[in-house]
Structure formats: structure tokens, C-alpha cells
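Participant: One file is attached below, data02.cif, containing mmCIF, C-alpha atoms and all ligand atoms.
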```cif
data_target
loop_
_atom_site.label_atom_id
_atom_site.label_comp_id
_atom_site.auth_asym_id
_atom_site.auth_seq_id
_atom_site.Cartn_x
_atom_site.Cartn_y
_atom_site.Cartn_z
CA MET A 1 -92.25 -94.89 -74.12
CA TYR A 2 -90.64 -91.65 -73.04
CA PHE A 3 -87.13 -92.94 -72.99
CA ASN A 4 -85.29 -93.45 -76.23
CA ASN A 5 -83.89 -96.89 -75.62
CA GLY A 6 -82.70 -97.18 -79.18
CA VAL A 7 -80.01 -95.82 -81.44
CA ASN A 8 -78.72 -92.36 -82.41
CA ARG A 9 -78.60 -90.93 -78.92
CA ASN A 10 -76.38 -88.05 -77.96
CA VAL A 11 -74.13 -88.55 -74.97
CA SER A 12 -72.57 -85.63 -73.12
CA VAL A 13 -68.98 -86.03 -72.02
CA ARG A 14 -67.38 -83.69 -69.49
CA LYS A 15 -63.59 -83.51 -69.62
CA THR A 16 -61.64 -82.38 -66.57
CA VAL A 17 -57.91 -82.11 -65.88
CA PHE A 18 -56.22 -82.42 -62.51
CA PRO A 19 -52.50 -82.35 -61.70
CA ASN A 20 -50.80 -85.67 -61.06
CA PRO A 21 -47.97 -85.74 -58.50
CA LYS A 22 -46.56 -88.76 -60.29
CA ASP A 23 -44.76 -88.39 -63.59
CA ILE A 24 -47.40 -90.32 -65.44
CA GLN A 25 -50.56 -89.42 -67.31
CA LEU A 26 -53.71 -91.26 -66.28
CA ARG A 27 -57.28 -91.18 -67.49
CA VAL A 28 -60.35 -92.17 -65.48
CA ALA A 29 -63.76 -92.63 -67.09
CA ALA A 30 -66.71 -92.42 -64.70
CA ILE A 31 -70.34 -93.32 -65.22
CA GLY A 32 -73.00 -93.08 -62.56
CA ASP A 33 -76.65 -93.96 -62.31
CA ILE A 34 -77.18 -96.34 -65.18
CA HIS A 35 -80.37 -97.62 -63.49
CA LEU A 36 -80.92 -100.80 -65.48
CA SER A 37 -84.70 -101.32 -65.52
CA ARG A 38 -87.58 -101.87 -67.91
CA LEU A 39 -86.55 -98.54 -69.46
CA VAL A 40 -82.79 -98.99 -69.57
CA GLY A 41 -81.37 -102.12 -71.12
CA MET A 42 -78.96 -103.72 -73.53
CA ASN A 43 -78.98 -100.86 -76.03
CA ASP A 44 -77.73 -98.56 -73.29
CA VAL A 45 -75.13 -101.11 -72.22
CA ILE A 46 -73.83 -101.35 -75.78
CA GLN A 47 -73.66 -97.57 -76.10
CA ILE A 48 -71.78 -97.29 -72.83
CA LEU A 49 -69.28 -99.94 -73.87
CA GLU A 50 -68.71 -98.37 -77.30
CA LEU A 51 -68.12 -95.03 -75.68
CA LEU A 52 -65.71 -96.46 -73.12
CA LYS A 53 -63.73 -98.16 -75.87
CA GLU A 54 -63.52 -94.85 -77.70
CA VAL A 55 -62.25 -92.77 -74.76
CA LYS A 56 -59.46 -95.22 -73.89
CA SER A 57 -59.27 -94.66 -70.15
CA ASP A 58 -56.88 -96.40 -67.78
CA TYR A 59 -59.63 -97.03 -65.24
CA ILE A 60 -63.41 -97.19 -65.33
CA CYS A 61 -65.49 -96.16 -62.33
CA LEU A 62 -69.14 -97.18 -62.00
CA LEU A 63 -70.56 -94.85 -59.39
CA GLY A 64 -73.59 -96.76 -58.17
CA ASP A 65 -77.26 -97.10 -59.00
CA LEU A 66 -76.33 -99.63 -61.64
CA ILE A 67 -79.86 -101.00 -61.26
CA ASP A 68 -83.11 -99.17 -60.56
CA SER A 69 -84.13 -101.36 -57.62
CA PRO A 70 -83.01 -104.62 -56.01
CA THR A 71 -86.22 -106.09 -57.45
CA VAL A 72 -84.62 -105.73 -60.91
CA LEU A 73 -82.45 -108.68 -59.88
CA TYR A 74 -85.54 -110.94 -60.00
CA ASP A 75 -85.36 -110.63 -63.78
CA SER A 76 -82.64 -112.93 -65.15
CA ARG A 77 -82.43 -110.87 -68.35
CA LYS A 78 -81.50 -107.79 -66.33
CA VAL A 79 -78.97 -109.76 -64.32
CA ASP A 80 -77.41 -110.86 -67.60
CA GLU A 81 -77.25 -107.24 -68.76
CA LEU A 82 -75.58 -106.23 -65.52
CA LEU A 83 -73.02 -109.03 -65.71
CA TYR A 84 -72.34 -108.30 -69.39
CA LEU A 85 -71.83 -104.59 -68.68
CA VAL A 86 -69.36 -105.20 -65.89
CA GLU A 87 -67.50 -108.03 -67.61
CA GLU A 88 -67.07 -106.05 -70.81
CA CYS A 89 -65.97 -102.95 -68.89
CA SER A 90 -63.28 -105.00 -67.20
CA LYS A 91 -61.94 -106.06 -70.61
CA ILE A 92 -61.51 -102.38 -71.51
CA ALA A 93 -59.86 -101.24 -68.24
CA PRO A 94 -59.73 -102.14 -64.54
CA THR A 95 -63.22 -101.38 -63.29
CA MET A 96 -64.09 -99.97 -59.86
CA ILE A 97 -67.64 -100.32 -58.58
CA VAL A 98 -69.37 -98.66 -55.65
CA LEU A 99 -73.03 -99.28 -54.90
CA GLY A 100 -75.75 -96.65 -54.80
CA ASN A 101 -78.95 -96.55 -52.83
CA HIS A 102 -80.94 -98.15 -55.66
CA ASP A 103 -78.55 -101.13 -55.81
CA PHE A 104 -79.24 -102.41 -52.32
CA ILE A 105 -82.18 -100.50 -50.79
CA ASN A 106 -85.73 -101.22 -51.86
CA GLN A 107 -87.11 -97.69 -51.98
CA GLU A 108 -90.57 -98.81 -53.02
CA ILE A 109 -91.22 -99.72 -49.37
CA LEU A 110 -92.36 -96.65 -47.45
CA GLY A 111 -91.33 -96.08 -43.85
CA PHE A 112 -87.85 -97.53 -43.58
CA PRO A 113 -86.95 -99.14 -46.90
CA SER A 114 -85.48 -102.62 -46.69
CA VAL A 115 -81.91 -103.53 -47.48
CA LEU A 116 -81.03 -106.29 -49.92
CA LYS A 117 -80.30 -109.35 -47.78
CA ASP A 118 -78.41 -111.29 -50.39
CA MET A 119 -75.43 -109.38 -51.75
CA SER A 120 -74.15 -112.39 -53.69
CA ILE A 121 -74.63 -110.79 -57.10
CA TRP A 122 -72.33 -107.92 -56.15
CA ASN A 123 -69.77 -110.22 -54.64
CA GLU A 124 -69.94 -112.32 -57.80
CA LEU A 125 -68.98 -109.25 -59.82
CA ASP A 126 -65.98 -108.78 -57.55
CA SER A 127 -64.70 -112.21 -58.55
CA ILE A 128 -64.38 -111.16 -62.22
CA LYS A 129 -60.81 -110.42 -63.24
CA ASP A 130 -60.07 -106.67 -63.15
CA VAL A 131 -63.35 -105.86 -61.40
CA HIS A 132 -63.04 -104.29 -57.97
CA PHE A 133 -66.22 -104.00 -55.97
CA LEU A 134 -65.15 -101.41 -53.41
CA ASN A 135 -67.39 -102.05 -50.44
CA ASN A 136 -65.52 -99.96 -47.88
CA THR A 137 -62.30 -101.25 -49.36
CA THR A 138 -59.48 -99.81 -51.43
CA TYR A 139 -57.52 -100.45 -54.62
CA THR A 140 -54.09 -99.33 -55.67
CA ASP A 141 -51.69 -100.40 -58.40
CA GLY A 142 -48.95 -98.01 -57.35
CA ASN A 143 -50.11 -95.31 -59.79
CA VAL A 144 -53.46 -94.32 -58.29
CA PHE A 145 -55.39 -95.01 -55.10
CA PHE A 146 -59.13 -95.59 -55.03
CA GLY A 147 -61.18 -95.81 -51.84
CA GLY A 148 -64.75 -97.02 -52.25
CA TYR A 149 -67.29 -96.05 -49.62
CA LEU A 150 -70.66 -97.79 -49.40
CA GLN A 151 -72.95 -95.35 -47.65
CA PRO A 152 -75.32 -97.02 -45.19
CA ARG A 153 -79.09 -96.96 -45.50
CA GLU A 154 -79.30 -94.52 -42.57
CA SER A 155 -77.48 -91.91 -44.61
CA TYR A 156 -80.32 -91.99 -47.16
CA PHE A 157 -83.43 -92.74 -45.09
CA VAL A 158 -84.87 -92.04 -41.66
CA GLU A 159 -87.27 -94.39 -39.95
CA GLY A 160 -90.77 -92.92 -40.06
CA GLU A 161 -89.81 -90.30 -42.61
CA LYS A 162 -88.90 -90.77 -46.18
CA TYR A 163 -85.52 -89.13 -46.57
CA GLN A 164 -82.58 -88.42 -44.35
CA ARG A 165 -82.03 -84.69 -43.84
CA ASP A 166 -79.04 -84.78 -41.51
CA ALA A 167 -75.34 -85.43 -42.15
CA GLY A 168 -74.91 -87.11 -38.75
CA PRO A 169 -75.46 -90.77 -39.73
CA LEU A 170 -73.06 -90.44 -42.65
CA TYR A 171 -70.39 -88.84 -40.48
CA ASP A 172 -70.83 -91.45 -37.74
CA ASP A 173 -70.37 -94.26 -40.24
CA LEU A 174 -67.59 -92.72 -42.33
CA LYS A 175 -65.34 -91.93 -39.38
CA LYS A 176 -65.30 -95.66 -38.55
CA GLN A 177 -63.95 -96.58 -42.01
CA ARG A 178 -60.29 -96.52 -41.02
CA VAL A 179 -59.08 -98.34 -44.11
CA LEU A 180 -60.54 -95.54 -46.24
CA LEU A 181 -59.10 -92.70 -44.15
CA ASN A 182 -55.84 -93.69 -42.50
CA ASP A 183 -52.32 -94.36 -43.77
CA LEU A 184 -53.09 -93.59 -47.39
CA PRO A 185 -50.15 -93.30 -49.81
CA SER A 186 -48.73 -89.79 -50.25
CA ASP A 187 -47.14 -90.04 -53.69
CA MET A 188 -50.14 -90.63 -55.93
CA VAL A 189 -53.61 -89.29 -56.71
CA LYS A 190 -56.18 -90.47 -54.19
CA ILE A 191 -59.79 -90.72 -55.30
CA LEU A 192 -62.74 -91.54 -53.09
CA LEU A 193 -65.63 -93.15 -54.93
CA THR A 194 -68.94 -92.84 -53.18
CA HIS A 195 -72.43 -92.71 -54.55
CA SER A 196 -73.95 -89.59 -53.01
CA LEU A 197 -72.13 -86.33 -52.34
CA GLU A 198 -75.16 -84.84 -50.60
CA TYR A 199 -73.66 -84.45 -47.12
CA LEU A 200 -70.01 -84.12 -48.05
CA GLY A 201 -70.15 -80.35 -47.56
CA ASP A 202 -70.63 -80.96 -43.84
CA THR A 203 -67.65 -79.50 -41.98
CA ARG A 204 -66.96 -82.64 -39.93
CA ILE A 205 -67.04 -84.83 -43.03
CA LYS A 206 -64.71 -82.47 -44.88
CA GLU A 207 -62.28 -82.68 -41.97
CA LEU A 208 -62.16 -86.44 -42.48
CA LEU A 209 -61.71 -86.23 -46.24
CA VAL A 210 -59.35 -83.27 -46.76
CA PRO A 211 -56.22 -84.95 -45.37
CA ALA A 212 -56.98 -88.19 -47.17
CA TYR A 213 -58.15 -87.47 -50.73
CA ASN A 214 -57.62 -85.21 -53.74
CA LEU A 215 -60.92 -86.00 -55.37
CA VAL A 216 -64.31 -87.36 -54.41
CA LEU A 217 -66.25 -88.76 -57.32
CA GLY A 218 -69.95 -89.54 -57.01
CA GLY A 219 -73.28 -89.68 -58.76
CA HIS A 220 -76.80 -89.91 -57.32
CA ASP A 221 -77.99 -86.42 -58.23
CA HIS A 222 -78.53 -87.08 -61.95
CA ASN A 223 -77.24 -83.57 -62.74
CA GLY A 224 -80.33 -82.14 -61.06
CA CYS A 225 -82.19 -83.09 -64.26
CA VAL A 226 -80.93 -79.90 -65.89
CA PRO A 227 -81.62 -80.00 -69.63
CA THR A 228 -78.50 -80.47 -71.73
CA LEU A 229 -79.07 -77.33 -73.77
CA ILE A 230 -78.85 -75.04 -70.72
CA ASP A 231 -76.43 -77.10 -68.62
CA GLY A 232 -73.34 -75.34 -69.98
CA PHE A 233 -74.84 -71.87 -69.62
CA TRP A 234 -76.43 -72.19 -66.18
CA PRO A 235 -73.74 -71.19 -63.69
CA GLY A 236 -73.34 -72.67 -60.25
CA ASN A 237 -74.19 -76.10 -58.96
CA GLY A 238 -77.96 -75.96 -58.64
CA GLY A 239 -80.47 -78.14 -60.41
CA ILE A 240 -84.15 -78.45 -61.20
CA ILE A 241 -85.04 -81.44 -59.06
CA SER A 242 -83.08 -83.63 -56.64
CA PRO A 243 -83.40 -87.37 -55.94
CA LYS A 244 -85.52 -86.37 -52.91
CA LYS A 245 -87.88 -84.60 -55.34
CA GLN A 246 -86.81 -81.27 -53.89
CA LEU A 247 -87.27 -78.48 -56.41
CA PHE A 248 -84.29 -76.29 -57.31
CA PRO A 249 -81.71 -78.03 -55.07
CA LYS A 250 -78.56 -75.95 -54.52
CA GLN A 251 -75.72 -78.43 -54.99
CA VAL A 252 -76.30 -81.36 -57.33
CA ARG A 253 -74.19 -80.65 -60.40
CA GLY A 254 -70.75 -79.62 -61.60
CA ILE A 255 -67.47 -79.65 -59.70
CA VAL A 256 -67.06 -78.08 -56.27
CA LYS A 257 -63.76 -77.04 -54.75
CA ALA A 258 -64.14 -78.28 -51.20
CA ASP A 259 -60.67 -77.27 -50.07
CA SER A 260 -57.42 -76.05 -51.64
CA CYS A 261 -56.59 -79.62 -52.64
CA LEU A 262 -59.93 -81.46 -52.54
CA TYR A 263 -62.56 -81.40 -55.27
CA TYR A 264 -66.01 -82.96 -55.34
CA VAL A 265 -67.03 -84.14 -58.80
CA TYR A 266 -70.78 -84.61 -59.34
CA SER A 267 -71.03 -87.03 -62.22
CA GLY A 268 -74.23 -86.34 -64.15
CA GLY A 269 -75.35 -89.91 -64.62
CA TRP A 270 -76.53 -92.01 -67.52
CA SER A 271 -80.21 -91.86 -66.49
CA LYS A 272 -82.19 -88.91 -65.18
CA ILE A 273 -85.83 -89.57 -64.29
CA THR A 274 -85.89 -93.33 -63.79
CA ALA A 275 -88.44 -96.12 -64.03
CA CYS A 276 -89.31 -95.92 -60.34
CA ALA A 277 -89.80 -92.11 -60.36
CA PRO A 278 -93.19 -90.43 -60.88
CA SER A 279 -94.23 -90.84 -64.50
CA ALA A 280 -95.40 -87.20 -64.59
CA LEU A 281 -91.75 -86.13 -64.44
CA GLN A 282 -90.49 -88.47 -67.09
CA PHE A 283 -90.90 -85.96 -69.92
CA LEU A 284 -87.70 -84.35 -68.57
CA ASN A 285 -85.73 -87.24 -70.05
CA PHE A 286 -86.37 -85.87 -73.51
CA PHE A 287 -84.22 -82.87 -72.64
CA CYS A 288 -81.39 -84.53 -70.69
CA ASP A 289 -78.68 -86.54 -72.44
CA PRO A 290 -76.86 -89.35 -70.68
CA GLN A 291 -73.58 -88.08 -69.26
CA ILE A 292 -70.16 -89.47 -68.50
CA ASP A 293 -66.98 -87.97 -67.07
CA ILE A 294 -63.45 -88.24 -68.37
CA ILE A 295 -60.84 -87.10 -65.87
CA ASP A 296 -57.21 -86.74 -66.92
CA PHE A 297 -54.44 -86.61 -64.33
CA ILE A 298 -51.49 -84.87 -65.96
CA PRO A 299 -48.02 -84.25 -64.46
CA GLY A 300 -47.72 -80.52 -63.84
CA GLY A 301 -51.28 -80.06 -65.12
CA GLN A 302 -53.58 -77.32 -63.87
CA TYR A 303 -57.13 -77.98 -62.80
CA GLN A 304 -59.53 -77.15 -65.57
CA THR A 305 -62.92 -78.40 -66.58
CA GLU A 306 -64.99 -77.90 -69.65
CA ASN A 307 -68.33 -77.10 -68.15
CA LYS A 308 -69.87 -77.14 -71.56
CA ARG A 309 -70.32 -80.71 -72.54
CA TYR A 310 -69.29 -82.36 -75.71
CA VAL A 311 -72.19 -83.91 -77.45
CA LEU A 312 -71.12 -87.02 -79.29
CA ARG A 313 -73.45 -88.29 -81.92
CA LYS A 314 -72.66 -91.74 -83.06
CA HIS A 315 -74.66 -94.34 -84.89
CA TRP A 316 -74.29 -97.39 -82.76
FE FE B 1 -79.49 -92.67 -59.31
FE FE B 2 -78.79 -92.75 -55.96
#
```
Here is a file; write its structure as C-alpha cells.
Ligand SMILES: [Fe+2]
Ligand SMILES: [Fe+2]
Facilitator:
Amino acid sequence: MYFNNGVNRNVSVRKTVFPNPKDIQLRVAAIGDIHLSRLVGMNDVIQILELLKEVKSDYICLLGDLIDSPTVLYDSRKVDELLYLVEECSKIAPTMIVLGNHDFINQEILGFPSVLKDMSIWNELDSIKDVHFLNNTTYTDGNVFFGGYLQPRESYFVEGEKYQRDAGPLYDDLKKQRVLLNDLPSDMVKILLTHSLEYLGDTRIKELLVPAYNLVLGGHDHNGCVPTLIDGFWPGNGGIISPKKQLFPKQVRGIVKADSCLYYVYSGGWSKITACAPSALQFLNFFCDPQIDIIDFIPGGQYQTENKRYVLRKHW
């Protein structure tokens, strides 16, 4: 099996600092693209939980693609792993969840992939204490504001073609999400969680987001599958391959300053080439460590990010 689903794995951690308008220091830990599947299971969950305990964040954000396909939910063992992951996260810190395309769209169907009809598993997670499934809803505790945007199927796929190549459907849907965009608090950090940042460079979408948020945090791009050894040395935001299987995509990695006070954070993801991807590409996983983000909001702090990643080796 290509994927080391065992012990002694390195995990790359990117640390970033942003200023906090409030006189309080806050830490957010973010993990995207876990992709529970036949290749990713309980060993990964345990590693993630150990790591989260170690970094001691005030909030945990799970950025979608928790599972590799809705069909994973047919396997009760995988459902147990998902529930265990989320429940244990919530015992460490309040846990925000947004869904990714793999969580509710069956991509194995060509044409216009089908949407999961029964969302009960995700709503069940929302009922766990300190778990907040942000399905076009928001969370605030007075110290930080999270909006969670569930991007519609049309923003990922086009009927008759495989992938969406236009920002229009995302813009049309996002502008309707008034609770995510209007009357947001002004005295705290505001973070939008959404799975894919692919079309967020679109001018109309930026016009919606700039007045509302300080930070947009997403996953989906799996760090462009850039090998860990060259990730810190390869400047810019390009990658090797995108989720659409496009070679050398331009913007899939790193942190992008979208405006003087709005940053887009591309979280690299736990998984890279996943169980449902072409097996010929899966060798890339040997070269790409799982990644998480730690973001500190510090009063009077200056934006800075360590583009080189820490590599933590721990014997779990
Ligand atoms: Fe993903
Ligand atoms: Fe995704």
C-alpha cells in the first residue's frame, strides 16, 4: 500500500501570526482534507488528535473533505472513525466543521455528480457538545467570529462537463448568504471557513468578502501535491497538480494577501493523492507529509508566516 497508515509519520505544521483587534491572544488549529477512506483510518485519527492536544489551540477547524466519498458512510467502521474524530476534537477545543465536495458529492458518477440526499450524519455531529457544523451559519463567543460557507455542487461541477471552470455559480450563491456577509461584529477577528478557495480571487467575490472578513481559511487543493522537501523553497503559490488534475496550477498553496486586510489561507491538507484518485499518481504521497495550520491572533501582532514547515516526528 502506498500510503503509510502506520506510525512514525512526519507531520508538517505551518505557523502564522495575525494581529488581533481584541486584547486577547487566540490560537486556531486547522486541518483540511482528511479523506477518511480505505487508505486513511484510525491511525491517522489518533495522530491528528495527539497533535491537536499538543498544540493547545482555542479552536479547531475541520475544513472539509473529512471523508473521501459519501459512499464511505456505507461502512460503519468509517462512520465510527468520523464520529470518534469529531467527538474527541470537541473535547480538546470548540470544533468548527465545514463540508467539502467529497463529503456530500459523489464524484465517482460522471456527468453531474449526485449530492448526498441524507445529511443526517453531519447534522448528528452538530448535536455533539462544542461541535459546530457551519452549514451557511455562523459562530461567535464574543472573542472570534466564524462564518462557515458550504459551497454548492454547481461551484464544483458543470452538467455535461466534469469540472466547473467559472466563478459565476459560486458568486451567485455566496451573495445570497446574508447571514455570512451582513452585520458582522466589528470588534473581533472574523474568519470565513470554506472548503475551496479556487474562485475567491474573482473580483466580485472579493468585493463581497473584503468588508466582512479578515481571513478566509480553506483546504481542497492539498497543497498542490508539492513534495515537503521543496515546499519551503518553492516560492509563490503554484503546485504540481490540482484537484481537477490540472498540471502546475497557479494558486493552490500558501497564503495570499487578497486585500490590505483580507488574507486567504490555503491549508495544505492531511491527505494528498486520495483513494479515489488515479492510482498512477499515488506515488506522490511518499513525498508529501500531512499538513496542519496553527494560526495565532496576537494583540498588536504583525502578520508573519513561516513558509518553511516544521516537521514533527513523534512516535505515536
Ligand atoms: Fe480534498
Ligand atoms: Fe475538496
Participant: Write out as a count of residues only the residues lying within 12 Å of Glu108 of chain A, counting only C-alpha atoms and excluding same-chain residues fewer than 2 positions away.
Facilitator: 20
Participant: Calculated over all atoms listed in the file, which of the candidates A:Asp23, A:Asp103, A:Glu87, A:Glu306 has the smallest distance to ligand FE 1 (chain B)?
Facilitator: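 Nearest candidate to ligand FE 1 (chain B) out of A:Asp23, A:Asp103, A:Glu87, A:Glu306: A:Asp103.
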Participant: Could you report the residues within 7 Å of ligand FE 2 (chain B), using all atoms listed in the file, as a count of residues only?
Facilitator: 11
Participant: May I ask which of the residues A:Gln304, A:Ile294, A:Met119, A:Leu200 is the closest one to Val28 of chain A, counting all atoms listed in the file?
Facilitator: A:Ile294
Participant: Which protein, DNA or RNA residues are at most 6 Å from (-68.7, -98.0, -50.5) in the file's coordinates when you count all atoms listed in the file, listed as a list of chain:residue names?
Facilitator: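 Collected hits near the coordinates: A:Val98, A:Leu134, A:Asn135, A:Asn136, A:Gly148, A:Tyr149, A:Leu150, A:Gln151, A:Thr194.
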Participant: Could the residues in this selection be saved with C-alpha atoms as a PDB file, keeping the file's coordinate frame?
Facilitator:
```
ATOM      1  CA  VAL A  98     -69.370 -98.660 -55.650  1.00  0.00           C
ATOM      2  CA  LEU A 134     -65.150-101.410 -53.410  1.00  0.00           C
ATOM      3  CA  ASN A 135     -67.390-102.050 -50.440  1.00  0.00           C
ATOM      4  CA  ASN A 136     -65.520 -99.960 -47.880  1.00  0.00           C
ATOM      5  CA  GLY A 148     -64.750 -97.020 -52.250  1.00  0.00           C
ATOM      6  CA  TYR A 149     -67.290 -96.050 -49.620  1.00  0.00           C
ATOM      7  CA  LEU A 150     -70.660 -97.790 -49.400  1.00  0.00           C
ATOM      8  CA  GLN A 151     -72.950 -95.350 -47.650  1.00  0.00           C
ATOM      9  CA  THR A 194     -68.940 -92.840 -53.180  1.00  0.00           C
TER      10      THR A 194
END
```
Participant: With distances taken over only C-alpha atoms, which residue among A:Arg9, A:Arg204, A:Lys244, A:Lys272 lies nearest Gln107 of chain A?
Facilitator: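 Smallest separation from Gln107 of chain A among the options: A:Lys244.
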Participant: Residues near Ser260 of chain A, anyone? I mean within 10 Å using only C-alpha atoms, not counting same-chain ones fewer than 2 positions away, as number ranges by chain.
Facilitator: A: 210, 214, 257-258, 262-263
Participant: Kindly save the residues from that selection, with C-alpha atoms included, as a short mmCIF file (atom, residue, chain, number, x, y, z; two decimals), keeping the file's coordinate frame.
Facilitator:
```
data_model
loop_
_atom_site.label_atom_id
_atom_site.label_comp_id
_atom_site.auth_asym_id
_atom_site.auth_seq_id
_atom_site.Cartn_x
_atom_site.Cartn_y
_atom_site.Cartn_z
CA VAL A 210 -59.35 -83.27 -46.76
CA ASN A 214 -57.62 -85.21 -53.74
CA LYS A 257 -63.76 -77.04 -54.75
CA ALA A 258 -64.14 -78.28 -51.20
CA LEU A 262 -59.93 -81.46 -52.54
CA TYR A 263 -62.56 -81.40 -55.27
#
```
Participant: Which residue, A:Asn182, A:Gln164, A:Asn20, A:Asn285, has the smallest gap to Asn223 of chain A when you use all atoms listed in the file?
Facilitator: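 For Asn223 of chain A, the nearest of the candidates is A:Asn285.
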Participant: Can you work out the spacing between atom CA of Gln25 of chain A and atom CA of Phe297 of chain A in Å, to one decimal?
Facilitator: 5.6 Å
Participant: Dig up all the protein and nucleic acid residues within 9 Å of (-80.3, -79.0, -61.1) in the file frame, using only C-alpha atoms, and format them as a compact mmCIF listing (two decimals) with C-alpha atoms, keeping the file's coordinate frame.
Facilitator:
```txt
# COMPACT_ATOMS: atom_id res chain seq x y z
CA ASP A 221 -77.99 -86.42 -58.23
CA HIS A 222 -78.53 -87.08 -61.95
CA ASN A 223 -77.24 -83.57 -62.74
CA GLY A 224 -80.33 -82.14 -61.06
CA CYS A 225 -82.19 -83.09 -64.26
CA VAL A 226 -80.93 -79.90 -65.89
CA PRO A 227 -81.62 -80.00 -69.63
CA ASP A 231 -76.43 -77.10 -68.62
CA ASN A 237 -74.19 -76.10 -58.96
CA GLY A 238 -77.96 -75.96 -58.64
CA GLY A 239 -80.47 -78.14 -60.41
CA ILE A 240 -84.15 -78.45 -61.20
CA ILE A 241 -85.04 -81.44 -59.06
CA SER A 242 -83.08 -83.63 -56.64
CA LEU A 247 -87.27 -78.48 -56.41
CA PHE A 248 -84.29 -76.29 -57.31
CA PRO A 249 -81.71 -78.03 -55.07
CA LYS A 250 -78.56 -75.95 -54.52
CA GLN A 251 -75.72 -78.43 -54.99
CA VAL A 252 -76.30 -81.36 -57.33
CA ARG A 253 -74.19 -80.65 -60.40
```
Participant: Work out how far apart atom CA of Met96 of chain A and atom CA of Val216 of chain A are and give it in Å to one decimal.
Facilitator: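 Spanning atom CA of Met96 of chain A to atom CA of Val216 of chain A is a straight-line distance of 13.7 Å.
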Participant: Choose the residue, out of A:Val189, A:Ile128, A:Ile109, A:Leu66, that has the smallest atom-to-atom separation from Gly160 of chain A; count all atoms listed in the file.
Facilitator: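 Smallest distance to Gly160 of chain A is found for A:Ile109.
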Participant: One decimal, Å: what's the distance from atom CA of Pro94 of chain A over to atom CA of Ile298 of chain A, could you say?
Facilitator: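 For atom CA of Pro94 of chain A relative to atom CA of Ile298 of chain A, the distance reads 19.2 Å.
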Participant: Which residue out of A:Pro185, A:Gly32, A:Pro19, A:Gly300 has the minimum interatomic distance to ligand FE 1 (chain B) when only C-alpha atoms and all ligand atoms are used?
Facilitator: A:Gly32
Participant: Residues within 12 Å of Ser186 of chain A, please, as a VMD selection string. Count all atoms listed in the file; anything in the same chain fewer than 2 positions from it doesn't count.
Facilitator: chain A and resid 20 to 22 142 to 145 182 to 184 188 to 190 211 to 214
Participant: Keeping only C-alpha atoms, write those residues as a PDB file, in the coordinates of the input.
Facilitator:
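As a result, out_11.pdb now contains:
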```pdb
ATOM      1  CA  ASN A  20     -50.800 -85.670 -61.060  1.00  0.00           C
ATOM      2  CA  PRO A  21     -47.970 -85.740 -58.500  1.00  0.00           C
ATOM      3  CA  LYS A  22     -46.560 -88.760 -60.290  1.00  0.00           C
ATOM      4  CA  GLY A 142     -48.950 -98.010 -57.350  1.00  0.00           C
ATOM      5  CA  ASN A 143     -50.110 -95.310 -59.790  1.00  0.00           C
ATOM      6  CA  VAL A 144     -53.460 -94.320 -58.290  1.00  0.00           C
ATOM      7  CA  PHE A 145     -55.390 -95.010 -55.100  1.00  0.00           C
ATOM      8  CA  ASN A 182     -55.840 -93.690 -42.500  1.00  0.00           C
ATOM      9  CA  ASP A 183     -52.320 -94.360 -43.770  1.00  0.00           C
ATOM     10  CA  LEU A 184     -53.090 -93.590 -47.390  1.00  0.00           C
ATOM     11  CA  MET A 188     -50.140 -90.630 -55.930  1.00  0.00           C
ATOM     12  CA  VAL A 189     -53.610 -89.290 -56.710  1.00  0.00           C
ATOM     13  CA  LYS A 190     -56.180 -90.470 -54.190  1.00  0.00           C
ATOM     14  CA  PRO A 211     -56.220 -84.950 -45.370  1.00  0.00           C
ATOM     15  CA  ALA A 212     -56.980 -88.190 -47.170  1.00  0.00           C
ATOM     16  CA  TYR A 213     -58.150 -87.470 -50.730  1.00  0.00           C
ATOM     17  CA  ASN A 214     -57.620 -85.210 -53.740  1.00  0.00           C
TER      18      ASN A 214
END
```
Participant: List the spatial neighbours of segment 166-168 of chain A as an mmCIF file with C-alpha atoms, in the frame of the given file - criterion: any atom at most 7 Å away, all atoms listed in the file, same-chain residues fewer than 2 positions off excluded.
Facilitator:
```cif
data_model
loop_
_atom_site.group_PDB
_atom_site.id
_atom_site.type_symbol
_atom_site.label_atom_id
_atom_site.label_comp_id
_atom_site.auth_asym_id
_atom_site.auth_seq_id
_atom_site.Cartn_x
_atom_site.Cartn_y
_atom_site.Cartn_z
ATOM 1 C CA GLN A 164 -82.580 -88.420 -44.350
ATOM 2 C CA LEU A 170 -73.060 -90.440 -42.650
ATOM 3 C CA TYR A 171 -70.390 -88.840 -40.480
ATOM 4 C CA ASP A 172 -70.830 -91.450 -37.740
ATOM 5 C CA TYR A 199 -73.660 -84.450 -47.120
ATOM 6 C CA ASP A 202 -70.630 -80.960 -43.840
#
```
Participant: Leu82 of chain A: which residues within 12 Å, counting only C-alpha atoms, same-chain residues fewer than 5 positions away excluded, as an mmCIF file with C-alpha atoms, keeping the file's coordinate frame?
Facilitator:
```cif
data_model
loop_
_atom_site.group_PDB
_atom_site.id
_atom_site.type_symbol
_atom_site.label_atom_id
_atom_site.label_comp_id
_atom_site.auth_asym_id
_atom_site.auth_seq_id
_atom_site.Cartn_x
_atom_site.Cartn_y
_atom_site.Cartn_z
ATOM 1 C CA ILE A 34 -77.180 -96.340 -65.180
ATOM 2 C CA HIS A 35 -80.370 -97.620 -63.490
ATOM 3 C CA LEU A 36 -80.920 -100.800 -65.480
ATOM 4 C CA SER A 37 -84.700 -101.320 -65.520
ATOM 5 C CA VAL A 40 -82.790 -98.990 -69.570
ATOM 6 C CA GLY A 41 -81.370 -102.120 -71.120
ATOM 7 C CA MET A 42 -78.960 -103.720 -73.530
ATOM 8 C CA ASP A 44 -77.730 -98.560 -73.290
ATOM 9 C CA VAL A 45 -75.130 -101.110 -72.220
ATOM 10 C CA ILE A 46 -73.830 -101.350 -75.780
ATOM 11 C CA LEU A 62 -69.140 -97.180 -62.000
ATOM 12 C CA ASP A 65 -77.260 -97.100 -59.000
ATOM 13 C CA LEU A 66 -76.330 -99.630 -61.640
ATOM 14 C CA ILE A 67 -79.860 -101.000 -61.260
ATOM 15 C CA ASP A 68 -83.110 -99.170 -60.560
ATOM 16 C CA VAL A 72 -84.620 -105.730 -60.910
ATOM 17 C CA LEU A 73 -82.450 -108.680 -59.880
ATOM 18 C CA ASP A 75 -85.360 -110.630 -63.780
ATOM 19 C CA SER A 76 -82.640 -112.930 -65.150
ATOM 20 C CA ARG A 77 -82.430 -110.870 -68.350
ATOM 21 C CA GLU A 87 -67.500 -108.030 -67.610
ATOM 22 C CA GLU A 88 -67.070 -106.050 -70.810
ATOM 23 C CA CYS A 89 -65.970 -102.950 -68.890
ATOM 24 C CA ASP A 103 -78.550 -101.130 -55.810
ATOM 25 C CA ILE A 121 -74.630 -110.790 -57.100
ATOM 26 C CA TRP A 122 -72.330 -107.920 -56.150
ATOM 27 C CA GLU A 124 -69.940 -112.320 -57.800
ATOM 28 C CA LEU A 125 -68.980 -109.250 -59.820
#
```
